[in-house]
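Undergrad: Pasting a structure below so you can have a look.
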Amino acid sequence: MAEHGKSRTEKLGLPPGSLVYVGEKPVEKTIISYLLYEQEEVREAVIESIAELPDTPSGDGVLWIQVTGLAQIAWLKELGQRFALHPLVLEDILATDQRPKIESYGPYEFIVLRAFHHEIVQHMADQEQISIIWGKNFVISIQERQSLLFGSPYDWIHQNRGTIRTGGSVFLTYALVDAVVDRYFTFLERFGEELEDLEEELIAEPTQQTLQRIYRLKHAMIQTRKATWPLREVVTRLDREEAPEIRGQTGWYLHDIYDHIIRILETVEMNREMLSGMLDIYLSSISNRMNEVMKVLTIISTIFIPLSFITGIYGMNLLIPETSFPWVYPFLLLIMFLIALGLIVYFRKKRWL
Amino acid sequence: MAEHGKSRTEKLGLPPGSLVYVGEKPVEKTIISYLLYEQEEVREAVIESIAELPDTPSGDGVLWIQVTGLAQIAWLKELGQRFALHPLVLEDILATDQRPKIESYGPYEFIVLRAFHHEIVQHMADQEQISIIWGKNFVISIQERQSLLFGSPYDWIHQNRGTIRTGGSVFLTYALVDAVVDRYFTFLERFGEELEDLEEELIAEPTQQTLQRIYRLKHAMIQTRKATWPLREVVTRLDREEAPEIRGQTGWYLHDIYDHIIRILETVEMNREMLSGMLDIYLSSISNRMNEVMKVLTIISTIFIPLSFITGIYGMNLLIPETSFPWVYPFLLLIMFLIALGLIVYFRKKRWL
Amino acid sequence: MAEHGKSRTEKLGLPPGSLVYVGEKPVEKTIISYLLYEQEEVREAVIESIAELPDTPSGDGVLWIQVTGLAQIAWLKELGQRFALHPLVLEDILATDQRPKIESYGPYEFIVLRAFHHEIVQHMADQEQISIIWGKNFVISIQERQSLLFGSPYDWIHQNRGTIRTGGSVFLTYALVDAVVDRYFTFLERFGEELEDLEEELIAEPTQQTLQRIYRLKHAMIQTRKATWPLREVVTRLDREEAPEIRGQTGWYLHDIYDHIIRILETVEMNREMLSGMLDIYLSSISNRMNEVMKVLTIISTIFIPLSFITGIYGMNLLIPETSFPWVYPFLLLIMFLIALGLIVYFRKKRWL
Amino acid sequence: MAEHGKSRTEKLGLPPGSLVYVGEKPVEKTIISYLLYEQEEVREAVIESIAELPDTPSGDGVLWIQVTGLAQIAWLKELGQRFALHPLVLEDILATDQRPKIESYGPYEFIVLRAFHHEIVQHMADQEQISIIWGKNFVISIQERQSLLFGSPYDWIHQNRGTIRTGGSVFLTYALVDAVVDRYFTFLERFGEELEDLEEELIAEPTQQTLQRIYRLKHAMIQTRKATWPLREVVTRLDREEAPEIRGQTGWYLHDIYDHIIRILETVEMNREMLSGMLDIYLSSISNRMNEVMKVLTIISTIFIPLSFITGIYGMNLLIPETSFPWVYPFLLLIMFLIALGLIVYFRKKRWL
Amino acid sequence: MAEHGKSRTEKLGLPPGSLVYVGEKPVEKTIISYLLYEQEEVREAVIESIAELPDTPSGDGVLWIQVTGLAQIAWLKELGQRFALHPLVLEDILATDQRPKIESYGPYEFIVLRAFHHEIVQHMADQEQISIIWGKNFVISIQERQSLLFGSPYDWIHQNRGTIRTGGSVFLTYALVDAVVDRYFTFLERFGEELEDLEEELIAEPTQQTLQRIYRLKHAMIQTRKATWPLREVVTRLDREEAPEIRGQTGWYLHDIYDHIIRILETVEMNREMLSGMLDIYLSSISNRMNEVMKVLTIISTIFIPLSFITGIYGMNLLIPETSFPWVYPFLLLIMFLIALGLIVYFRKKRWL
């Protein structure tokens with residue numbers, strides 16, 4: 001929660017339903033555009049005021065309102081009045097630290113998702129809250145930032161691919177959720193590359209930074225799980241609540257999304273176990289390096305300390321009889337060489353060398 | 001349980017329903033005030049005896065009785081008689097080591113919550129037990145201490161904001177629970193700052209104190225979870241039991257509180273995983289420092305022990321032929337310098353330097 | 001299971017329902033007393049034979065038979081015949097390694113509990129099996145040892161406090177279970193003091209004994225959990241099975257006991273997590289001490305090994321030109337002093353000193 | 001799976017229902033005996049061919065066929081034809097790596113259990129598969145080896161103890177399952193003794209072998225849990241499926257077995273936690289020993305390295321003024337003695353000595 | 001997810017139901033063959049175009065179409081048209097990173113399985129996706145590679161063994177699933193041999209490579225669990241959905257497969273716990289080796305450092321009275337020998353030698 005700190009605290013003491021932007025990133029300017037499509041035609045525009053919005057179509061037509069940026073709270077209020085949104089819905093859209101959820105408000109459903117962006121700057125997940133309001137013949141999608149997240153559904157509509165134009169608001173909602181979930185795969189692929197890179201670093205030359213990287217990647221996985229886990233419930237409820245309508249048209253597609261979510265969660269879990277394994281490797285490589293350092297010290301000390309002792313003996317200012325023998329110096333050098341050799345052989349046998 | 005030790009033990013042997021204050025903090029003087037409001041008007045007073053309390057209103061009116069401090073047990077007994085409270089309810093109000101719960105006593109509901117205060121003195125959670133008794137047209141809130149905890153609902157009533165004056169005792173109860181839960185966010189934000197501070201300390205210069213800090217923060221998170229976990233059940237049961245009444249007016253607000261609780265629990269869980277990760281970093285940084293110490297020792301020893309051996313050889317009182325050569329001293333110095341240089345190059349290659 | 005070893009093995013090969021005492025502690029002499037009470041009067045006696053037992057009362061009267069000590073198996077058999085107890089009930093009473101449970105035998109319920117005694121001798125939980133047989137108008141409580149465990153219900157009956165005399169056998173059963181559960185709080189308080197003591201020892205001067213203490217305390221917590229966990233089911237089933245009777249009179253008291261059990265389990269869980277944290281502190285303090293030892297060694301070696309090398313140079317029996325200079329000795333001492341000083345400054349900067 | 005390796009692989013490619021012995025132990029010769037009992041009489045014989053088997057009795061009579069050893073597959077086939085057993089039942093009897101289970105095949109139930117033998121050779125669990133086929137008026141028990149496992153039910157029948165002769169095949173089945181479960185207690189007692197022995201070894205003088213012993217004991221506990229866990233389901237289903245018949249006669253006995261299984265599982269879990277604790281003690285004792293070694297090295301080095309430096313100074317071939325003073329030698333010895341003393345006092349204070 | 005990286009990302013932006021091969025291995029050439037069998041006769045052929053496929057038989061006949069290799073997407077499309085397969089089914093067949101699942105599409109069921117191949121190249125699980133489409137009178141099996149995986153069902157059909165020819169498409173489906181599950185046993189046996197080999201390496205001479213091997217084996221177990229876990233649901237749903245048909249004929253066989261899956265999962269879990277145990281042994285063996293290195297260093301240093309000090313004393317250029325005594329040299333040598341001896345005895349007692 002630390003990251004949304006100040007604003008949450010500032011919100012304390014306001015009655016529920018108060019509209020205040022809660023989030024740590026700079027708020028982007030609000031841009032509202034719409035896309036009105038029927039089987040035959042597509043109309044679209046960027047609007048300057050809510051009043052410019054066309055009427056909600058009837059029949060097969062769908063009005064898709066895209067909002068990006070949350071700076072103009074007034075616009076959101078107007079939008080709320082136009083579509084009779086509950087104050088809590090607007091509050092949740094602005095408080096961008098929501099967890100993924102789906103809430104049924106009678107005439108419309110309110111879905112909150114979290115999207116990841118590609119850049120793993122500093123190995124941390126960069127998140128954005130996506131709100132979707134979905135009613136009969138209209139869908140409102142609210143993003144924090146301008147992005148190409150919903151580029152594919154947008155293109156499909158224009159290209160009239162598949163059943164998107166005839167599927168109604170239900171199918172569009174599915175396509176939006178699918179677009180968000182597909183982002184997770186891209187994110188996890190980048191993450192997988194990070195992991196491979198980390199694995200190499202771990203084997204080549206692990207440092208204290210490697211540990212901090214493991215720690216940060218673990219943290220990113222915890223956040224990913226936090227953002228993905230509730231999605232299961234979202235999709236399950238999407239499936240259950242609108243049984244007759246969805247089953248026929250989009251039931252299989254929902255199953256498909258559900259399947260993707262499960263796979264994402266499994267991958268997250270697998271990544272976490274791999275990171276745990278990497279931690280073990282890291283810790284043991286520290287121990288191994290200490291072992292190596294110790295061995296060098298021990299080998300050098302064990303060879304030279306006894307030899308120095310021998311030189312010490314003959315350095316004493318005593319009457320030492322053998323000092324007067326002529327070959328004692330080369331003989332001593334030989335003895336010391338043999339001792340050193342013996343110790344080296346011993347270390348070889350112990351596999352220290 | 002250790003902290004409420006003496007009193008719990010003293011209570012042993014008393015029949016259930018005995019009124020004794022159980023808690024470790026000094027008991028505060030009891031102050032009772034009331035707030036009687038209808039859509040049109042608000043009346044309030046601090047009272048000196050229970051007899052001064054106005055009659056419980058009918059219709060839309062709500063009588064909110066605020067009790068702070070648990071010193072005057074006699075007053076609580078009178079209050080219990082006035083509202084026909086079960087002896088166990090009074091007992092639980094006084095035994096301030098309860099876990100959060102909701103119990104339905106027919107004409108009224110009894111809710112126990114735990115509130116955190118802002119100061120993380122010694123990084124430990126400072127808790128207070130909040131009891132709420134909620135019946136038709138009246139709400140009794142009992143706090144251990146004077147505080148601004150219920151400042152916001154109080155202000156909303158006076159300012160007649162939102163639907164608080166017309167929502168009845170149900171809505172007030174919701175607002176009180178919400179006020180307590182909102183405190184957790186503030187607490188978790190402070191905690192988040194602590195964590196960031198700890199993270200910096202961990203990277204800059206970890207000491208044995210760092211470990212104890214991690215341990216205490218972990219302990220605080222365990223206590224937070226202990227205080228938050230049962231809240232889920234409290235809110236779920238609030239939602240379920242009073243289905244028709246609440247659904248209409250406050251159902252969404254309860255969902256909102258529930259959502260907050262889940263987010264608090266997820267944050268607690270994430271904090272705990274981060275603290276585990278910090279422990280790993282701490283432990284590995286100890287190992288790393290030992291590695292560094294060992295390296296210094298090994299480098300110094302490995303360089304000078306062989307050199308000292310050489311000096312030892314020429315310190316022997318033997319007939320050593322080469323000692324009489326004129327350039328032997330500078331030559332030896334050169335040799336020793338080259339040995340030292342070689343070893344330094346070797347350590348460089350091993351990345352010890 | 002190791003502790004009840006011999007007897008369990010000896011029991012092998014006997015048909016189910018055989019009466020043999022299973023337990024590791026010396027068996028205490030059996031003492032049987034009864035307490036017969038109605039709203040108006042109380043009668044009690046210690047009996048010498050089962051035949052002395054008064055008839056089971058009718059109406060509101062309750063016959064409470066207290067058995068302590070399991071040495072006279074014959075008496076238990078007679079008691080079993082008198083109240084038509086199932087052979088497996090008698091077998092379980094004697095085999096004192098049962099886990100807590102409740103079993104409904106039609107005309108009576110059979111409850112097994114485990115009570116802790118106060119002394120944490122050797123930090124290990126000292127347990128006793130408590131069996132309660134509860135039928136209409138009678139309650140039989142069987143303890144392994146003479147103790148004041150049921151002192152409070154006994155006193156309440158004599159003092160006619162609360163509703164105990166009119167509550168029937170149901171209420172007495174509740175009071176007995178409550179008395180056992182209350183003991184857990186006392187035990188956990190002692191345990192909490194142990195923990196605090198351990199925490200101090202851990203910070204002041206941890207030894208290998210500290211680790212064994214942590215290990216034993218952990219073991220005690222595992223046993224406590226083992227003894228408490230099934231209690232939840234016992235109370236839940238007490239509540240469910242006798243719905244109409246209990247709900248009215250003692251339902252809330254059962255809820256209260258249930259609440260206590262949950263709190264005990266949470267405390268046990270918290271203690272275990274704290275013990276895990278202590279283990280981490282212990283292990284890291286070992287590493288820290290090794291670090292400190294290494295530092296002393298490294299500092300001393302790093303200062304004196306190079307200095308000794310210098311003295312070694314001038315100890316060589318070579319023609320060393322500078323040896324003939326007059327100020328070379330004090331100059332060398334100065335050099336060596338500066339080297340030592342430099343190294344000390346270096347260690348200061350590295351915060352090793 | 002490794003231990004049944006070859007045979008499982010060899011079985012690949014055979015259609016389901018093929019009869020092949022799967023197991024790693026040498027197959028024992030098949031011996032088939034029967035025991036036919038009614039309330040009044042008992043008849044028994046070891047048979048040489050399946051044709052010698054008496055007719056399945058009617059009324060209260062029970063035919064108990066004991067098969068030990070799985071070498072004569074032909075006999076099993078004949079037995080299968082006689083009692084119309086499903087091919088998969090015969091396949092499972094021969095593939096002795098089954099997990100405990102109960103399967104209802106209409107006219108009979110098929111139960112698989114795993115029995116432990118007493119010897120903890122190499123601290124590993126020595127298992128045997130026990131198959132029981134139980135129909136109206138007949139029970140077939142199949143063991144891999146000759147053993148006294150079913151000695152007690154056999155004796156009870158002969159001695160006509162309890163209700164065994166009148167309980168029908170249901171009661172006999174219960175008695176056989178009970179006999180197998182009782183073995184677990186004996187096994188766990190032996191295991192408990194092993195644990196105590198290990199604990200002593202751990203405190204007295206832990207070696208690398210201690211760790212391998214912990215590892216093997218852990219492995220044995222995992223296998224025990226694997227063999228016991230599914231038993232809960234077996235007994236639960238025994239209880240549920242034959243509700244009317246069993247409830248009356250053997251319901252309580254099944255509860256008793258169930259209770260035993262739960263206790264076994266709890267003991268297994270406790271043993272595993274104790275083994276984890278022992279691992280911690282082992283690892284910390286390694287660290288402690290390293291600490292001790294380091295201390296000896298540090299003490300010796302720290303005392304003698306500075307002293308050697310002093311001797312080095314006066315060993316230099318320089319003009320050192322003080323060397324000509326008469327008392328300098330004893331004075332120096334005194335100085336060095338005081339330095340050594342000071343260091344020893346310092347180590348004492350640091351509690352290294 | 002990393003391994004299917006590029007293709008998944010490339011698939012982004014395509015509408016659901018687009019046919020693109022997703023996988024990291026080179027795609028194999030598509031070969032399609034069929035096997036048409038009734039009770040009386042078997043017909044088979046490798047076909048060059050989908051048009052060559054015979055009509056789906058009626059009655060008891062079954063058409064089994066085997067597809068190996070996924071290179072010719074066009075063929076799959078034709079096959080999809082012929083059998084009216086849902087676009088998502090075709091998409092899943094081509095995206096070879098599916099998790100095992102079963103999906104009911106009305107006239108046919110779609111099953112995805114993962115098969116392991118025998119070679120544990122680099123200790124990593126080598127997986128292949130197996131898709132099975134099963135309708136009335138036809139079964140389509142799709143493999144990524146040519147292999148003998150379905151050799152046994154193929155042979156059974158030809159040899160007319162068991163009930164395979166009369167069991168219909170249900171029984172064939174069962175036989176295919178069984179063939180895949182049986183592969184897991186073979187895989188786990190190889191894995192078991194790996195584990196034993198690793199265990200030996202661990203005891204004989206563990207290196208950093210041993211740790212990486214543990215890590216890779218753990219990873220393989222995680223993948224195995226990931227591939228096996230969902231199989232439980234597959235078999236459970238197979239059992240449930242087609243209740244009347246399957247129960248009679250293949251119900252027991254499904255139970256048998258289910259049992260195998262449970263055993264595989266238990267073995268995987270056991271392997272993982274064993275790998276954790278091995279990690280502990282590995283880490284402690286590193287510590288033990290460091291202990292050993294330290295001991296050698298300490299013994300050598302502790303013996304020779306004091307002796308060198310003694311030689312240092314008599315190397316000083318001072319007036320040392322005892323130097324003039326005649327027997328001082330051999331006496332000193334004796335003293336030094338006794339000191340060394342004493343230290344060796346001391347180390348023996350400490351069990352360092």
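Each chain in the structure tokens gets a letter, A, B, ..., in the order shown, and its residues are numbered from 1; ligands are numbered from 1 in order too.
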Quick check for you: according to DSSP on this backbone, which residues of segment 110-321 of chain A are classed as strand (DSSP E)? Reply as a list of chain:residue names.

TA: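 The strand (DSSP E) subset of segment 110-321 of chain A is A:Phe110, A:Ile111, A:Val112, A:Leu113, A:Arg114, A:Ala115, A:Phe116, A:Gln127, A:Glu128, A:Gln129, A:Ile130, A:Ser131, A:Ile132, A:Ile133, A:Trp134, A:Gly135, A:Phe138, A:Val139, A:Ile140, A:Ser141, A:Ile142, A:Gln143.
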
Undergrad: As a PyMOL selection string, which residues of segment 69-105 of chain E does DSSP assign to alpha helix (DSSP H)?

TA: chain E and resi 73-82+87-94

Undergrad: Write the residues you've just listed into a file as a short mmCIF file (atom, residue, chain, number, x, y, z; two decimals), in the first residue's frame, and include N, CA, C and O atoms for each of them.

TA:
data_model
loop_
_atom_site.label_atom_id
_atom_site.label_comp_id
_atom_site.auth_asym_id
_atom_site.auth_seq_id
_atom_site.Cartn_x
_atom_site.Cartn_y
_atom_site.Cartn_z
N ILE E 73 -0.93 -26.90 -41.77
CA ILE E 73 -2.10 -26.34 -41.10
C ILE E 73 -3.34 -26.50 -41.98
O ILE E 73 -4.45 -26.70 -41.49
N ALA E 74 -3.14 -26.47 -43.28
CA ALA E 74 -4.27 -26.58 -44.22
C ALA E 74 -5.04 -27.89 -43.99
O ALA E 74 -6.26 -27.92 -44.00
N TRP E 75 -4.27 -28.98 -43.81
CA TRP E 75 -4.90 -30.28 -43.59
C TRP E 75 -5.79 -30.25 -42.33
O TRP E 75 -6.86 -30.81 -42.31
N LEU E 76 -5.24 -29.62 -41.29
CA LEU E 76 -6.00 -29.55 -40.05
C LEU E 76 -7.29 -28.80 -40.27
O LEU E 76 -8.34 -29.16 -39.73
N LYS E 77 -7.22 -27.73 -41.07
CA LYS E 77 -8.43 -26.96 -41.36
C LYS E 77 -9.47 -27.83 -42.05
O LYS E 77 -10.64 -27.84 -41.70
N GLU E 78 -9.00 -28.60 -43.04
CA GLU E 78 -9.92 -29.50 -43.75
C GLU E 78 -10.54 -30.51 -42.79
O GLU E 78 -11.74 -30.77 -42.82
N LEU E 79 -9.68 -31.07 -41.96
CA LEU E 79 -10.14 -32.04 -40.96
C LEU E 79 -11.21 -31.38 -40.09
O LEU E 79 -12.23 -31.99 -39.75
N GLY E 80 -10.93 -30.13 -39.70
CA GLY E 80 -11.87 -29.39 -38.86
C GLY E 80 -13.21 -29.23 -39.58
O GLY E 80 -14.26 -29.39 -38.95
N GLN E 81 -13.16 -28.97 -40.88
CA GLN E 81 -14.43 -28.83 -41.62
C GLN E 81 -15.17 -30.16 -41.70
O GLN E 81 -16.37 -30.24 -41.46
N ARG E 82 -14.43 -31.19 -41.99
CA ARG E 82 -15.03 -32.52 -42.12
C ARG E 82 -15.79 -32.91 -40.85
O ARG E 82 -16.90 -33.41 -40.89
N PRO E 87 -13.43 -23.52 -34.07
CA PRO E 87 -12.12 -22.91 -34.34
C PRO E 87 -11.17 -22.94 -33.14
O PRO E 87 -9.97 -23.12 -33.30
N LEU E 88 -11.73 -22.78 -31.93
CA LEU E 88 -10.85 -22.77 -30.75
C LEU E 88 -10.17 -24.12 -30.54
O LEU E 88 -9.07 -24.19 -29.99
N VAL E 89 -10.83 -25.20 -30.95
CA VAL E 89 -10.22 -26.53 -30.82
C VAL E 89 -8.98 -26.59 -31.71
O VAL E 89 -7.90 -26.99 -31.26
N LEU E 90 -9.13 -26.15 -32.95
CA LEU E 90 -7.99 -26.17 -33.86
C LEU E 90 -6.87 -25.26 -33.35
O LEU E 90 -5.69 -25.60 -33.42
N GLU E 91 -7.27 -24.12 -32.83
CA GLU E 91 -6.27 -23.19 -32.29
C GLU E 91 -5.47 -23.85 -31.17
O GLU E 91 -4.25 -23.73 -31.11
N ASP E 92 -6.18 -24.54 -30.27
CA ASP E 92 -5.51 -25.18 -29.14
C ASP E 92 -4.60 -26.31 -29.57
O ASP E 92 -3.55 -26.56 -28.97
N ILE E 93 -5.00 -27.02 -30.63
CA ILE E 93 -4.16 -28.12 -31.12
C ILE E 93 -2.81 -27.58 -31.59
O ILE E 93 -1.76 -28.16 -31.34
N LEU E 94 -2.87 -26.41 -32.22
CA LEU E 94 -1.65 -25.83 -32.78
C LEU E 94 -0.81 -25.10 -31.74
O LEU E 94 0.41 -25.03 -31.86
#

Undergrad: Of the candidates E:Leu283, E:Val42, E:Leu275, E:Met270, which one gets nearest to chain A if we count only C-alpha atoms?

TA: E:Leu283

Undergrad: Starting from chain D, keep only residues with some atom at most 12 Å from an atom of chain B, counting only C-alpha atoms, and report them as a tab-separated table (two decimals) with N, CA, C and O atoms, in the first residue's frame.

TA:
chain	number	residue	atom	x	y	z
D	294	MET	N	37.51	-21.84	15.00
D	294	MET	CA	37.99	-20.50	14.71
D	294	MET	C	38.52	-19.81	15.96
D	294	MET	O	39.50	-19.08	15.91
D	298	THR	N	42.16	-18.28	16.50
D	298	THR	CA	42.27	-16.86	16.74
D	298	THR	C	43.02	-16.57	18.04
D	298	THR	O	43.86	-15.67	18.11
D	309	PHE	N	56.55	-10.84	16.75
D	309	PHE	CA	57.00	-9.56	16.19
D	309	PHE	C	58.05	-8.91	17.08
D	309	PHE	O	59.09	-8.42	16.60
D	312	GLY	N	61.17	-10.60	16.73
D	312	GLY	CA	61.69	-10.22	15.42
D	312	GLY	C	62.48	-8.92	15.49
D	312	GLY	O	63.55	-8.77	14.90
D	315	GLY	N	65.76	-9.39	16.83
D	315	GLY	CA	66.57	-10.30	16.02
D	315	GLY	C	67.20	-9.58	14.84
D	315	GLY	O	67.99	-10.16	14.10
D	316	MET	N	66.83	-8.30	14.66
D	316	MET	CA	67.39	-7.54	13.53
D	316	MET	C	68.86	-7.24	13.78
D	316	MET	O	69.26	-6.94	14.90
D	317	ASN	N	69.65	-7.34	12.71
D	317	ASN	CA	71.08	-7.06	12.82
D	317	ASN	C	71.33	-5.57	12.70
D	317	ASN	O	72.00	-5.09	11.80

Undergrad: Which residue out of C:Thr228, C:Gly106, C:Tyr314, C:Arg263 has the minimum interatomic distance to Tyr329 of chain B when only C-alpha atoms are used?

TA: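 For Tyr329 of chain B, the nearest of the candidates is C:Tyr314.
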
Undergrad: Between A:Lys226, A:Arg216, A:Arg99, A:Arg183, which one has atoms that come closest to Phe150 of chain A, using only C-alpha atoms?

TA: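 Using only C-alpha atoms, Phe150 of chain A sits closest to A:Arg183.
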
Undergrad: With distances taken over only C-alpha atoms, which residue among C:Phe83, C:Ile339, C:Tyr258, C:Ile31 lies nearest Ser49 of chain C?

TA: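 Smallest distance to Ser49 of chain C is found for C:Ile31.
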
Undergrad: Considering only C-alpha atoms, return as a VMD selection string whatever protein or nucleic-acid residues lie within 9 Å of Ile310 of chain E, sequence-local ones (same chain, fewer than 4 positions apart) excluded.

TA: (chain A and resid 312 to 313) or (chain D and resid 308 311) or (chain E and resid 305 to 306 314 to 315 332 336)

Undergrad: Got a sec: who's within 8 Å of Gly69 of chain C, counting only C-alpha atoms, leaving out chain neighbours fewer than 4 positions off, as a list in words?

TA: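 Everything that qualifies: Val27, Glu28, Lys29, Thr30, Ile31, Ile142, Gln143, Glu144, Arg145 and Gln146 of chain C.
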
Undergrad: Output N, CA, C and O atoms for every residue in the selection just made, as a CSV table (one decimal), in the first residue's frame.

TA:
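Writing the result to again39.csv gives the following:
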chain,number,residue,atom,x,y,z
C,27,VAL,N,-0.3,-44.7,37.7
C,27,VAL,CA,-1.7,-44.6,37.9
C,27,VAL,C,-2.0,-44.2,39.3
C,27,VAL,O,-1.4,-44.6,40.3
C,28,GLU,N,-3.0,-43.2,39.4
C,28,GLU,CA,-3.4,-42.8,40.8
C,28,GLU,C,-4.5,-43.7,41.3
C,28,GLU,O,-5.3,-44.1,40.5
C,29,LYS,N,-4.6,-43.8,42.6
C,29,LYS,CA,-5.7,-44.5,43.3
C,29,LYS,C,-7.0,-43.8,42.9
C,29,LYS,O,-7.1,-42.6,42.7
C,30,THR,N,-8.0,-44.7,42.6
C,30,THR,CA,-9.3,-44.1,42.2
C,30,THR,C,-10.1,-43.6,43.4
C,30,THR,O,-10.2,-44.3,44.4
C,31,ILE,N,-10.6,-42.4,43.3
C,31,ILE,CA,-11.5,-41.8,44.3
C,31,ILE,C,-12.8,-41.4,43.6
C,31,ILE,O,-12.7,-40.7,42.6
C,142,ILE,N,-14.2,-37.8,34.5
C,142,ILE,CA,-13.1,-38.7,34.9
C,142,ILE,C,-11.8,-38.0,34.7
C,142,ILE,O,-11.5,-37.7,33.5
C,143,GLN,N,-11.0,-37.9,35.7
C,143,GLN,CA,-9.6,-37.3,35.6
C,143,GLN,C,-8.6,-38.3,36.0
C,143,GLN,O,-8.8,-39.2,36.7
C,144,GLU,N,-7.4,-38.1,35.4
C,144,GLU,CA,-6.3,-39.0,35.8
C,144,GLU,C,-5.7,-38.7,37.2
C,144,GLU,O,-5.2,-39.6,37.8
C,145,ARG,N,-5.8,-37.5,37.6
C,145,ARG,CA,-5.2,-37.1,38.8
C,145,ARG,C,-6.1,-36.2,39.7
C,145,ARG,O,-7.0,-35.5,39.1
C,146,GLN,N,-5.9,-36.2,41.0
C,146,GLN,CA,-6.5,-35.3,41.9
C,146,GLN,C,-6.1,-33.9,41.5
C,146,GLN,O,-4.9,-33.6,41.3

Undergrad: Applying 12 Å and only C-alpha atoms, which residues near segment 37-40 of chain D remain after dropping the ones on its own chain fewer than 5 positions away? List them as a count of residues only.

TA: 31

Undergrad: For Leu202 of chain E, work out the shell of residues within 10 Å, counting only C-alpha atoms and skipping chain neighbours fewer than 3 positions away, then give it as a PyMOL selection string.

TA: chain E and resi 196-199+205-207+210-211+214+278-279+281-282+285

Undergrad: One decimal, in Å: what's the spacing between atom CA of Thr186 of chain B and atom CA of Thr68 of chain A?

TA: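 Between these atoms lies a distance of 29.1 Å.
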